[in-house]
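Enquirer: Below is my_file16.txt; it holds compact mmCIF, C-alpha atoms.
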# COMPACT_ATOMS: atom_id res chain seq x y z
CA MET B 1 -66.24 12.51 -13.14
CA GLY B 2 -65.47 15.86 -11.53
CA SER B 3 -67.41 14.99 -8.36
CA GLY B 4 -65.63 11.60 -8.16
CA LEU B 5 -62.22 13.27 -8.32
CA LEU B 6 -63.34 15.80 -5.73
CA GLN B 7 -64.52 13.02 -3.43
CA LEU B 8 -61.20 11.20 -3.90
CA TRP B 9 -59.28 14.39 -3.14
CA GLU B 10 -61.34 15.01 -0.01
CA SER B 11 -60.47 11.51 1.27
CA THR B 12 -56.71 12.05 1.04
CA GLY B 13 -54.42 12.89 3.91
CA LEU B 14 -53.25 16.06 2.15
CA TYR B 15 -56.79 17.45 2.19
CA ASN B 16 -57.56 16.49 5.79
CA PHE B 17 -54.27 17.30 7.49
CA THR B 18 -54.39 20.00 10.15
CA LEU B 19 -51.47 22.09 11.37
CA GLY B 20 -51.77 20.44 14.78
CA GLN B 21 -51.51 16.96 13.30
CA ALA B 22 -48.45 17.92 11.26
CA PHE B 23 -46.84 19.37 14.41
CA MET B 24 -47.54 16.24 16.47
CA ILE B 25 -46.18 13.98 13.69
CA CYS B 26 -42.96 16.01 13.93
CA ILE B 27 -42.97 15.43 17.71
CA GLY B 28 -43.36 11.69 17.07
CA GLY B 29 -40.44 11.86 14.64
CA LEU B 30 -38.36 13.68 17.26
CA LEU B 31 -39.01 10.92 19.80
CA ILE B 32 -37.92 8.30 17.26
CA TYR B 33 -34.78 10.36 16.50
CA LEU B 34 -33.92 10.56 20.21
CA ALA B 35 -34.45 6.79 20.53
CA ILE B 36 -32.29 5.83 17.54
CA LYS B 37 -29.65 8.56 17.39
CA LYS B 38 -29.27 9.45 21.06
CA GLY B 39 -30.20 6.08 22.59
CA PHE B 40 -32.67 7.67 25.04
CA GLU B 41 -34.60 4.64 26.34
CA PRO B 42 -35.40 3.33 22.82
CA LEU B 43 -37.64 0.55 24.16
CA LEU B 44 -40.04 3.31 25.23
CA LEU B 45 -39.48 6.23 22.88
CA LEU B 46 -39.54 4.30 19.60
CA PRO B 47 -43.01 2.72 20.03
CA ILE B 48 -44.37 5.91 21.68
CA GLY B 49 -43.07 8.06 18.83
CA PHE B 50 -44.40 5.71 16.16
CA GLY B 51 -47.74 5.46 17.95
CA GLY B 52 -47.88 9.26 17.99
CA ILE B 53 -47.35 9.38 14.21
CA LEU B 54 -50.09 6.79 13.63
CA ALA B 55 -52.47 8.66 15.95
CA ASN B 56 -52.21 11.84 13.84
CA ILE B 57 -52.91 10.26 10.47
CA PRO B 58 -56.18 11.88 9.34
CA VAL B 59 -59.25 9.82 8.38
CA ALA B 60 -57.72 6.47 9.49
CA GLU B 61 -58.96 6.81 13.12
CA ILE B 62 -56.37 4.26 14.25
CA SER B 63 -56.40 5.71 17.77
CA GLY B 64 -60.20 5.88 17.93
CA PRO B 65 -62.30 3.49 20.03
CA ASP B 66 -62.50 0.97 17.17
CA GLY B 67 -58.96 1.44 15.87
CA LEU B 68 -56.02 -0.81 16.75
CA LEU B 69 -54.36 1.67 19.10
CA GLY B 70 -57.68 2.58 20.71
CA ILE B 71 -58.44 -1.09 21.43
CA LEU B 72 -54.95 -1.65 22.87
CA TYR B 73 -55.32 1.46 25.04
CA HIS B 74 -58.65 0.32 26.46
CA MET B 75 -57.52 -3.29 26.88
CA GLY B 76 -54.28 -2.62 28.73
CA ILE B 77 -54.07 0.93 30.04
CA GLU B 78 -57.63 1.86 31.00
CA THR B 79 -58.01 -1.50 32.75
CA GLY B 80 -54.59 -1.19 34.41
CA ILE B 81 -53.40 -4.61 33.22
CA PHE B 82 -50.28 -3.42 31.35
CA PRO B 83 -48.72 -1.65 34.40
CA LEU B 84 -49.17 -4.74 36.58
CA LEU B 85 -47.62 -7.04 33.97
CA ILE B 86 -44.74 -4.58 33.54
CA PHE B 87 -44.18 -4.61 37.31
CA MET B 88 -44.01 -8.40 37.26
CA GLY B 89 -41.38 -8.26 34.52
CA VAL B 90 -39.43 -5.55 36.35
CA GLY B 91 -39.48 -7.72 39.48
CA ALA B 92 -38.12 -10.67 37.51
CA MET B 93 -35.28 -8.50 36.16
CA THR B 94 -34.46 -6.79 39.46
CA ASP B 95 -31.66 -7.76 41.79
CA PHE B 96 -32.42 -6.44 45.27
CA GLY B 97 -28.91 -7.48 46.35
CA PRO B 98 -27.41 -3.94 46.32
CA LEU B 99 -30.28 -2.69 48.48
CA LEU B 100 -30.02 -5.62 50.90
CA ALA B 101 -26.24 -5.19 51.08
CA ARG B 102 -26.72 -1.61 52.30
CA PRO B 103 -30.32 -1.11 53.50
CA SER B 104 -29.61 2.50 54.53
CA LEU B 105 -29.71 3.40 50.80
CA MET B 106 -33.48 2.96 50.98
CA ILE B 107 -33.51 6.46 52.49
CA LEU B 108 -32.37 7.82 49.11
CA GLY B 109 -35.22 6.04 47.33
CA ALA B 110 -37.67 7.52 49.83
CA ALA B 111 -36.21 11.04 49.55
CA ALA B 112 -36.60 11.02 45.76
CA GLN B 113 -40.37 10.61 46.22
CA PHE B 114 -40.47 14.09 47.77
CA GLY B 115 -41.13 15.51 44.31
CA ILE B 116 -44.46 13.66 44.22
CA PHE B 117 -45.87 15.46 47.24
CA VAL B 118 -44.47 18.88 46.28
CA THR B 119 -46.10 18.54 42.86
CA LEU B 120 -49.42 17.62 44.47
CA PHE B 121 -49.64 21.16 45.80
CA GLY B 122 -48.28 22.58 42.55
CA ALA B 123 -51.08 20.92 40.58
CA ILE B 124 -53.69 22.40 42.91
CA LEU B 125 -52.13 25.87 42.54
CA MET B 126 -52.35 25.57 38.75
CA ASN B 127 -56.12 25.98 39.11
CA LEU B 128 -55.37 29.70 39.32
CA ILE B 129 -54.52 29.59 35.59
CA PRO B 130 -57.60 30.13 33.36
CA GLY B 131 -58.56 27.00 31.41
CA ILE B 132 -57.06 24.58 33.96
CA GLU B 133 -59.19 22.86 36.58
CA PHE B 134 -57.61 20.00 38.54
CA THR B 135 -59.42 18.22 41.36
CA LEU B 136 -57.53 16.67 44.29
CA SER B 137 -57.78 13.30 42.54
CA ASP B 138 -56.36 14.84 39.34
CA ALA B 139 -53.54 16.50 41.27
CA SER B 140 -52.66 13.22 43.01
CA ALA B 141 -52.50 11.34 39.70
CA ILE B 142 -50.35 14.07 38.12
CA ALA B 143 -48.01 14.23 41.11
CA ILE B 144 -47.00 10.57 40.80
CA ILE B 145 -45.11 11.50 37.59
CA GLY B 146 -42.39 12.72 39.98
CA GLY B 147 -41.55 9.12 40.79
CA ALA B 148 -40.43 8.61 37.16
CA ASP B 149 -42.33 5.32 37.11
CA GLY B 150 -44.59 4.95 34.07
CA PRO B 151 -46.48 1.82 35.19
CA THR B 152 -47.24 3.34 38.60
CA ALA B 153 -48.40 6.59 36.99
CA ILE B 154 -50.76 4.68 34.69
CA PHE B 155 -52.04 2.50 37.54
CA LEU B 156 -52.86 5.48 39.77
CA ALA B 157 -54.28 7.65 36.98
CA SER B 158 -56.60 4.85 35.82
CA ARG B 159 -58.17 4.91 39.28
CA LEU B 160 -58.06 8.60 40.25
CA ALA B 161 -58.15 10.55 36.98
CA PRO B 162 -59.18 8.40 33.98
CA ASP B 163 -59.84 11.50 31.87
CA LEU B 164 -56.21 12.62 32.28
CA LEU B 165 -54.73 9.15 31.86
CA GLY B 166 -53.39 9.70 28.34
CA ALA B 167 -51.59 12.95 29.15
CA ILE B 168 -50.16 11.56 32.40
CA ALA B 169 -48.93 8.41 30.64
CA VAL B 170 -47.23 10.44 27.89
CA ALA B 171 -45.56 12.76 30.43
CA ALA B 172 -44.41 9.93 32.71
CA TYR B 173 -42.88 7.83 29.94
CA SER B 174 -41.37 10.80 28.13
CA TYR B 175 -39.51 11.97 31.25
CA MET B 176 -38.45 8.40 32.07
CA ALA B 177 -36.87 8.19 28.64
CA LEU B 178 -35.23 11.61 28.93
CA VAL B 179 -33.46 10.86 32.23
CA PRO B 180 -30.00 11.14 30.54
CA LEU B 181 -30.92 14.65 29.39
CA ILE B 182 -32.67 15.96 32.50
CA GLN B 183 -30.64 14.60 35.42
CA PRO B 184 -26.96 15.44 34.68
CA PRO B 185 -27.35 19.26 34.89
CA ILE B 186 -29.15 18.91 38.25
CA MET B 187 -26.46 16.52 39.49
CA LYS B 188 -23.65 18.90 38.58
CA LEU B 189 -25.49 21.89 40.02
CA LEU B 190 -26.10 20.32 43.44
CA THR B 191 -22.84 18.38 43.97
CA THR B 192 -19.21 19.44 44.14
CA GLU B 193 -16.37 17.95 42.12
CA THR B 194 -14.97 16.38 45.30
CA GLU B 195 -18.31 14.73 46.10
CA ARG B 196 -18.67 13.36 42.56
CA LYS B 197 -15.18 11.82 42.79
CA CYS B 198 -16.10 9.87 45.93
CA VAL B 199 -15.34 6.14 45.46
CA MET B 200 -17.62 3.74 47.34
CA LYS B 201 -16.49 0.46 48.93
CA GLN B 202 -17.45 -2.87 47.39
CA LEU B 203 -20.82 -4.18 48.59
CA ARG B 204 -21.03 -7.28 50.77
CA HIS B 205 -22.25 -10.59 49.37
CA VAL B 206 -26.00 -11.15 49.78
CA SER B 207 -27.12 -14.76 50.29
CA LYS B 208 -29.81 -16.51 48.26
CA ALA B 209 -31.91 -16.94 51.39
CA GLU B 210 -31.94 -13.14 51.95
CA LYS B 211 -33.03 -12.57 48.35
CA ILE B 212 -35.90 -15.07 48.68
CA ILE B 213 -37.08 -13.78 52.05
CA PHE B 214 -37.05 -10.11 50.98
CA PRO B 215 -39.95 -10.12 48.43
CA LEU B 216 -42.08 -12.22 50.78
CA THR B 217 -41.38 -9.88 53.69
CA LEU B 218 -42.06 -6.81 51.54
CA LEU B 219 -45.39 -8.27 50.43
CA VAL B 220 -46.48 -9.06 53.99
CA VAL B 221 -45.55 -5.57 55.20
CA THR B 222 -47.46 -3.99 52.30
CA ILE B 223 -50.55 -6.12 52.95
CA LEU B 224 -50.54 -5.18 56.65
CA LEU B 225 -49.75 -1.46 56.35
CA LEU B 226 -50.79 -0.30 52.88
CA PRO B 227 -53.06 -2.78 51.07
CA ALA B 228 -53.90 -0.16 48.41
CA ALA B 229 -50.36 -0.59 47.03
CA THR B 230 -50.58 -4.39 46.98
CA PRO B 231 -51.43 -4.79 43.26
CA LEU B 232 -48.18 -3.09 42.21
CA VAL B 233 -45.93 -4.31 45.02
CA GLY B 234 -47.46 -7.79 44.83
CA MET B 235 -46.65 -8.21 41.14
CA LEU B 236 -43.14 -6.81 41.72
CA CYS B 237 -42.58 -9.33 44.52
CA PHE B 238 -44.03 -12.20 42.51
CA GLY B 239 -41.74 -11.48 39.55
CA ASN B 240 -38.74 -11.19 41.85
CA LEU B 241 -39.60 -14.46 43.61
CA LEU B 242 -39.74 -16.22 40.22
CA LYS B 243 -36.18 -15.04 39.62
CA GLU B 244 -34.68 -15.66 43.04
CA SER B 245 -36.34 -19.02 43.78
CA GLY B 246 -34.23 -20.69 41.09
CA VAL B 247 -36.85 -23.41 40.49
CA VAL B 248 -38.98 -21.81 37.75
CA GLU B 249 -36.38 -20.57 35.30
CA ARG B 250 -38.77 -20.86 32.34
CA LEU B 251 -41.35 -18.64 34.04
CA SER B 252 -38.70 -16.17 35.16
CA ASN B 253 -37.23 -15.96 31.65
CA THR B 254 -40.69 -15.45 30.15
CA ALA B 255 -41.47 -12.62 32.58
CA GLN B 256 -38.07 -11.00 31.92
CA ASN B 257 -38.13 -11.35 28.14
CA GLU B 258 -41.09 -12.41 26.00
CA LEU B 259 -43.89 -11.16 28.24
CA ILE B 260 -42.44 -7.79 29.19
CA ASN B 261 -41.30 -7.20 25.59
CA ILE B 262 -44.79 -7.85 24.21
CA VAL B 263 -46.41 -5.65 26.85
CA THR B 264 -43.84 -2.88 26.26
CA ILE B 265 -44.67 -2.82 22.53
CA PHE B 266 -48.40 -2.62 23.20
CA LEU B 267 -47.99 -0.11 26.03
CA GLY B 268 -45.70 2.16 24.00
CA LEU B 269 -48.07 2.25 21.03
CA SER B 270 -51.02 2.84 23.38
CA VAL B 271 -49.29 5.75 25.11
CA GLY B 272 -48.31 7.16 21.73
CA SER B 273 -51.95 7.05 20.64
CA LYS B 274 -52.62 9.88 23.10
CA LEU B 275 -50.25 12.17 21.22
CA SER B 276 -53.06 13.00 18.79
CA ALA B 277 -53.31 16.76 18.24
CA ASP B 278 -56.93 17.08 19.43
CA LYS B 279 -56.10 15.51 22.82
CA PHE B 280 -52.53 16.67 23.36
CA LEU B 281 -52.58 20.35 22.37
CA ALA B 282 -54.82 21.43 25.25
CA PRO B 283 -54.08 23.67 28.28
CA GLU B 284 -54.52 20.84 30.80
CA THR B 285 -52.16 18.51 28.91
CA LEU B 286 -49.49 21.18 28.61
CA GLY B 287 -49.94 21.93 32.31
CA ILE B 288 -49.40 18.25 33.11
CA LEU B 289 -46.18 18.24 31.05
CA LEU B 290 -44.88 21.27 32.96
CA LEU B 291 -45.81 19.74 36.30
CA GLY B 292 -44.21 16.46 35.26
CA ILE B 293 -40.81 18.00 34.55
CA PHE B 294 -41.09 19.98 37.80
CA ALA B 295 -41.94 16.83 39.78
CA PHE B 296 -39.12 14.84 38.22
CA SER B 297 -36.58 17.62 38.83
CA ILE B 298 -37.64 18.04 42.47
CA GLY B 299 -37.44 14.27 43.02
CA THR B 300 -33.95 14.16 41.55
CA ALA B 301 -32.84 17.15 43.63
CA ALA B 302 -34.30 15.69 46.85
CA GLY B 303 -32.44 12.42 46.28
CA LEU B 304 -29.18 14.28 45.64
CA LEU B 305 -29.57 16.47 48.75
CA MET B 306 -30.22 13.40 50.91
CA GLY B 307 -27.16 11.84 49.27
CA LYS B 308 -25.12 14.85 50.37
CA VAL B 309 -26.40 14.37 53.92
CA MET B 310 -25.35 10.70 53.84
CA TYR B 311 -21.97 11.73 52.38
CA ARG B 312 -21.37 13.96 55.41
CA VAL B 313 -22.80 11.55 58.00
CA THR B 314 -20.77 8.57 56.73
CA GLY B 315 -17.57 10.58 56.42
CA GLY B 316 -17.48 10.38 52.62
CA GLU B 317 -18.44 6.74 52.19
CA VAL B 318 -21.57 7.50 50.12
CA ASN B 319 -21.32 9.31 46.78
CA PRO B 320 -24.22 11.84 46.62
CA LEU B 321 -24.73 11.09 42.91
CA ILE B 322 -26.45 7.80 43.71
CA GLY B 323 -29.22 9.81 45.39
CA ALA B 324 -30.43 10.87 41.93
CA ALA B 325 -31.04 7.18 41.19
CA GLY B 326 -33.73 7.22 43.87
CA VAL B 327 -36.26 8.00 41.16
CA SER B 328 -37.55 4.71 39.85
CA ALA B 329 -36.45 4.92 36.22
CA VAL B 330 -34.74 1.51 36.36
CA PRO B 331 -31.96 1.08 35.34
CA MET B 332 -31.46 4.31 33.39
CA ALA B 333 -31.17 6.55 36.46
CA ALA B 334 -28.48 4.27 37.94
CA ARG B 335 -26.58 4.31 34.64
CA VAL B 336 -26.69 8.12 34.54
CA ALA B 337 -25.34 8.33 38.11
CA ASN B 338 -22.54 5.96 37.10
CA LYS B 339 -21.76 7.96 33.95
CA VAL B 340 -21.57 11.31 35.76
CA GLY B 341 -19.41 9.72 38.47
CA MET B 342 -16.98 8.32 35.89
CA GLU B 343 -16.72 11.74 34.23
CA ALA B 344 -15.37 13.08 37.52
CA ASN B 345 -13.24 10.00 38.25
CA PRO B 346 -12.69 7.32 35.56
CA GLN B 347 -12.13 4.71 38.31
CA ASN B 348 -15.45 5.52 39.98
CA PHE B 349 -17.85 2.61 39.31
CA LEU B 350 -21.15 3.53 40.94
CA LEU B 351 -23.59 1.37 38.97
CA MET B 352 -24.16 -1.38 41.54
CA HIS B 353 -24.26 1.14 44.39
CA ALA B 354 -26.78 3.27 42.49
CA MET B 355 -28.99 0.23 41.87
CA GLY B 356 -29.75 0.17 45.62
CA PRO B 357 -31.64 3.49 45.72
CA ASN B 358 -32.89 2.83 42.19
CA VAL B 359 -34.81 -0.32 43.15
CA ALA B 360 -35.80 1.37 46.43
CA GLY B 361 -37.34 4.08 44.26
CA VAL B 362 -39.50 1.47 42.49
CA ILE B 363 -40.84 0.37 45.86
CA GLY B 364 -41.12 3.98 47.03
CA SER B 365 -43.20 5.12 44.06
CA ALA B 366 -45.55 2.16 44.46
CA VAL B 367 -45.94 2.97 48.16
CA ALA B 368 -46.53 6.66 47.37
CA ALA B 369 -49.23 5.62 44.89
CA GLY B 370 -50.81 3.46 47.58
CA VAL B 371 -50.76 6.34 50.06
CA LEU B 372 -52.43 8.70 47.57
CA LEU B 373 -54.98 6.05 46.62
CA ALA B 374 -55.79 5.38 50.27
CA ILE B 375 -56.13 9.07 51.18
CA VAL B 376 -57.81 10.48 48.09
CA GLY B 377 -59.79 7.37 47.14
CA SER B 378 -61.35 6.49 43.81
CA PRO B 379 -63.72 9.11 42.36
CA GLY B 380 -67.39 8.30 42.30
What's the structure tokens form of this structure?

Expert:
Amino acid sequence: MGSGLLQLWESTGLYNFTLGQAFMICIGGLLIYLAIKKGFEPLLLLPIGFGGILANIPVAEISGPDGLLGILYHMGIETGIFPLLIFMGVGAMTDFGPLLARPSLMILGAAAQFGIFVTLFGAILMNLIPGIEFTLSDASAIAIIGGADGPTAIFLASRLAPDLLGAIAVAAYSYMALVPLIQPPIMKLLTTETERKCVMKQLRHVSKAEKIIFPLTLLVVTILLLPAATPLVGMLCFGNLLKESGVVERLSNTAQNELINIVTIFLGLSVGSKLSADKFLAPETLGILLLGIFAFSIGTAAGLLMGKVMYRVTGGEVNPLIGAAGVSAVPMAARVANKVGMEANPQNFLLMHAMGPNVAGVIGSAVAAGVLLAIVGSPG
């Protein structure tokens, strides 16, 4: 009887809990709090936070190879299927009109990718820290976090650094969700009150023909110049063509709603499964988190500084705040730019203007991933 009770006690969570697991469950709870109470990208943070809690339940092994979260992770993230499906859904939800109305705003999307390449060198320099050893492939996969594009980060990491995939995915999606917390201080630091008050002129009307031709042209250019980026750009263009063609509304609606919602649930839980204490509380993972926030901050700052240049060159026609939307956290980064602009001037509606560099950032991060993939190549 005594041995039976002992065996029962040893099978409980209370007996098997470690301090690390308890800490990571609190982190999962914090992510859920930020999603519900603060509204920080709840579609991402809520499933990631809940997945993190499930991953740290002792004995259950739900995030193990044979557990639900482990199977989802292998099925969609290790294979790279989830990021491509997400890109198709993003394409179906994206209106390239603001970018086509003012193509010069693509410069802001390109400038915001600067953080990716700065972080590449930062990751290599972190090898000087004992316990951290990043190869060039690892550094390239980590650097893409600076684009604030979770699907692209997962896609590149699955090919260049599969062993770091979990940590990179967690960092990329966490910083995407925390855009409203991270970007405003950088915006206010690098812009003046006068610049933030700048009101932009209404965008011109973009025809349906332009919107149909654009994804096809983008795909052809990518195929010819950077085929390594075609999986991501191709799915983005396909989703956008579904939307803009106007002849497959059912398919477009499915890509925008049911499909992307299902994939987001699975992807969020899968990313959260890598918040388990044994995988997360390691020097390399913590190094990736530090590099991720550095990359994202540099990308935001680079977009803002290029925005300031455009503000001067155009004689005050471009509000520098929209440069921060050059990171590809769609549409959160554009909303943050709009919010900060309205704080300076309640009549300052920057959302549609900010969507130009925002969608350019999606293309830019995919292109940057293609460049890194082409240069560094797949290990082995």

Enquirer: Kindly indicate which residue among B:Ser104, B:Val313, B:Gly91, B:Ile298 lies nearest to Thr119 in chain B, using only C-alpha atoms for the distances.

Expert: B:Ile298

Enquirer: Could you list, as number ranges by chain, every residue within 12 Å of Pro346 in chain B, counting all atoms listed in the file and ignoring same-chain residues fewer than 5 positions away?

Expert: B: 196-199, 338-341

Enquirer: To one decimal place, how far is CA of Pro98 in chain B from CA of His353 in chain B in Å?

Expert: 6.3 Å

Enquirer: Work out how far apart CA of Gly28 in chain B and CA of Ile145 in chain B are and give it in Å to one decimal.

Expert: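 Atom-to-atom, CA of Gly28 in chain B to CA of Ile145 in chain B, that is 20.6 Å.
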
Enquirer: Quick one: everything within 9 Å of Ala354 in chain B, counting only C-alpha atoms, minus sequence neighbours fewer than 5 positions away in the same chain. Send it as a list in words.

Expert: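 These residues fall inside the cut-off: Pro98, Leu105, Leu321, Ile322, Gly323, Ala324, Ala325, Gly326, Ala333, Ala334, Arg335, Ala337, Asn338 and Val359 of chain B.
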
Enquirer: Could you tell me which of B:Thr300, B:Gln256, B:Ser207, B:Thr192 comes closest to Asn358 in chain B if we count all atoms listed in the file?

Expert: B:Thr300

Enquirer: Using only C-alpha atoms, pick whichever of B:Ile260, B:Ala374, B:Ala301, B:Val179 has the shortest atom-to-atom distance to Gly39 in chain B.

Expert: B:Val179

Enquirer: Could you write range 211-238 of chain B as a PDB file, in the coordinates of the input, with N, CA and C atoms rebuilt where they are missing?

Expert:
ATOM      1  N   LYS B 211     -32.333 -13.025  49.552  1.00  0.00           N
ATOM      2  CA  LYS B 211     -33.030 -12.570  48.350  1.00  0.00           C
ATOM      3  C   LYS B 211     -34.412 -13.199  48.206  1.00  0.00           C
ATOM      4  N   ILE B 212     -34.586 -14.410  48.734  1.00  0.00           N
ATOM      5  CA  ILE B 212     -35.900 -15.070  48.680  1.00  0.00           C
ATOM      6  C   ILE B 212     -36.826 -14.507  49.756  1.00  0.00           C
ATOM      7  N   ILE B 213     -36.268 -14.269  50.938  1.00  0.00           N
ATOM      8  CA  ILE B 213     -37.080 -13.780  52.050  1.00  0.00           C
ATOM      9  C   ILE B 213     -37.560 -12.339  51.803  1.00  0.00           C
ATOM     10  N   PHE B 214     -36.727 -11.527  51.130  1.00  0.00           N
ATOM     11  CA  PHE B 214     -37.050 -10.110  50.980  1.00  0.00           C
ATOM     12  C   PHE B 214     -38.391  -9.851  50.279  1.00  0.00           C
ATOM     13  N   PRO B 215     -38.651 -10.415  49.079  1.00  0.00           N
ATOM     14  CA  PRO B 215     -39.950 -10.120  48.430  1.00  0.00           C
ATOM     15  C   PRO B 215     -41.140 -10.604  49.249  1.00  0.00           C
ATOM     16  N   LEU B 216     -40.983 -11.713  49.955  1.00  0.00           N
ATOM     17  CA  LEU B 216     -42.080 -12.220  50.780  1.00  0.00           C
ATOM     18  C   LEU B 216     -42.338 -11.290  51.966  1.00  0.00           C
ATOM     19  N   THR B 217     -41.250 -10.817  52.574  1.00  0.00           N
ATOM     20  CA  THR B 217     -41.380  -9.880  53.690  1.00  0.00           C
ATOM     21  C   THR B 217     -42.001  -8.564  53.232  1.00  0.00           C
ATOM     22  N   LEU B 218     -41.532  -8.065  52.088  1.00  0.00           N
ATOM     23  CA  LEU B 218     -42.060  -6.810  51.540  1.00  0.00           C
ATOM     24  C   LEU B 218     -43.556  -6.928  51.269  1.00  0.00           C
ATOM     25  N   LEU B 219     -43.971  -8.058  50.724  1.00  0.00           N
ATOM     26  CA  LEU B 219     -45.390  -8.270  50.430  1.00  0.00           C
ATOM     27  C   LEU B 219     -46.219  -8.288  51.708  1.00  0.00           C
ATOM     28  N   VAL B 220     -45.749  -8.982  52.720  1.00  0.00           N
ATOM     29  CA  VAL B 220     -46.480  -9.060  53.990  1.00  0.00           C
ATOM     30  C   VAL B 220     -46.619  -7.680  54.628  1.00  0.00           C
ATOM     31  N   VAL B 221     -45.527  -6.919  54.628  1.00  0.00           N
ATOM     32  CA  VAL B 221     -45.550  -5.570  55.200  1.00  0.00           C
ATOM     33  C   VAL B 221     -46.544  -4.683  54.447  1.00  0.00           C
ATOM     34  N   THR B 222     -46.548  -4.785  53.117  1.00  0.00           N
ATOM     35  CA  THR B 222     -47.460  -3.990  52.300  1.00  0.00           C
ATOM     36  C   THR B 222     -48.920  -4.362  52.580  1.00  0.00           C
ATOM     37  N   ILE B 223     -49.189  -5.654  52.676  1.00  0.00           N
ATOM     38  CA  ILE B 223     -50.550  -6.120  52.950  1.00  0.00           C
ATOM     39  C   ILE B 223     -51.038  -5.582  54.297  1.00  0.00           C
ATOM     40  N   LEU B 224     -50.155  -5.593  55.299  1.00  0.00           N
ATOM     41  CA  LEU B 224     -50.540  -5.180  56.650  1.00  0.00           C
ATOM     42  C   LEU B 224     -50.690  -3.665  56.782  1.00  0.00           C
ATOM     43  N   LEU B 225     -49.788  -2.904  56.141  1.00  0.00           N
ATOM     44  CA  LEU B 225     -49.750  -1.460  56.350  1.00  0.00           C
ATOM     45  C   LEU B 225     -50.396  -0.639  55.233  1.00  0.00           C
ATOM     46  N   LEU B 226     -50.290  -1.104  53.990  1.00  0.00           N
ATOM     47  CA  LEU B 226     -50.790  -0.300  52.880  1.00  0.00           C
ATOM     48  C   LEU B 226     -51.364  -1.196  51.784  1.00  0.00           C
ATOM     49  N   PRO B 227     -52.495  -1.838  52.046  1.00  0.00           N
ATOM     50  CA  PRO B 227     -53.060  -2.780  51.070  1.00  0.00           C
ATOM     51  C   PRO B 227     -53.388  -2.151  49.723  1.00  0.00           C
ATOM     52  N   ALA B 228     -53.594  -0.818  49.685  1.00  0.00           N
ATOM     53  CA  ALA B 228     -53.900  -0.160  48.410  1.00  0.00           C
ATOM     54  C   ALA B 228     -52.763  -0.289  47.415  1.00  0.00           C
ATOM     55  N   ALA B 229     -51.527  -0.463  47.921  1.00  0.00           N
ATOM     56  CA  ALA B 229     -50.360  -0.590  47.030  1.00  0.00           C
ATOM     57  C   ALA B 229     -50.073  -2.035  46.661  1.00  0.00           C
ATOM     58  N   THR B 230     -50.865  -2.970  47.186  1.00  0.00           N
ATOM     59  CA  THR B 230     -50.580  -4.390  46.980  1.00  0.00           C
ATOM     60  C   THR B 230     -50.585  -4.836  45.520  1.00  0.00           C
ATOM     61  N   PRO B 231     -51.485  -4.342  44.662  1.00  0.00           N
ATOM     62  CA  PRO B 231     -51.430  -4.790  43.260  1.00  0.00           C
ATOM     63  C   PRO B 231     -50.060  -4.578  42.616  1.00  0.00           C
ATOM     64  N   LEU B 232     -49.491  -3.380  42.808  1.00  0.00           N
ATOM     65  CA  LEU B 232     -48.180  -3.090  42.210  1.00  0.00           C
ATOM     66  C   LEU B 232     -47.061  -3.827  42.937  1.00  0.00           C
ATOM     67  N   VAL B 233     -46.999  -3.679  44.252  1.00  0.00           N
ATOM     68  CA  VAL B 233     -45.930  -4.310  45.020  1.00  0.00           C
ATOM     69  C   VAL B 233     -46.030  -5.831  44.923  1.00  0.00           C
ATOM     70  N   GLY B 234     -47.262  -6.345  44.923  1.00  0.00           N
ATOM     71  CA  GLY B 234     -47.460  -7.790  44.830  1.00  0.00           C
ATOM     72  C   GLY B 234     -46.918  -8.373  43.547  1.00  0.00           C
ATOM     73  N   MET B 235     -47.162  -7.714  42.418  1.00  0.00           N
ATOM     74  CA  MET B 235     -46.650  -8.210  41.140  1.00  0.00           C
ATOM     75  C   MET B 235     -45.133  -8.067  41.065  1.00  0.00           C
ATOM     76  N   LEU B 236     -44.597  -6.989  41.656  1.00  0.00           N
ATOM     77  CA  LEU B 236     -43.140  -6.810  41.720  1.00  0.00           C
ATOM     78  C   LEU B 236     -42.510  -7.948  42.517  1.00  0.00           C
ATOM     79  N   CYS B 237     -43.112  -8.262  43.662  1.00  0.00           N
ATOM     80  CA  CYS B 237     -42.580  -9.330  44.520  1.00  0.00           C
ATOM     81  C   CYS B 237     -42.717 -10.694  43.860  1.00  0.00           C
ATOM     82  N   PHE B 238     -43.830 -10.920  43.178  1.00  0.00           N
ATOM     83  CA  PHE B 238     -44.030 -12.200  42.510  1.00  0.00           C
ATOM     84  C   PHE B 238     -42.974 -12.401  41.425  1.00  0.00           C
TER      85      PHE B 238
END
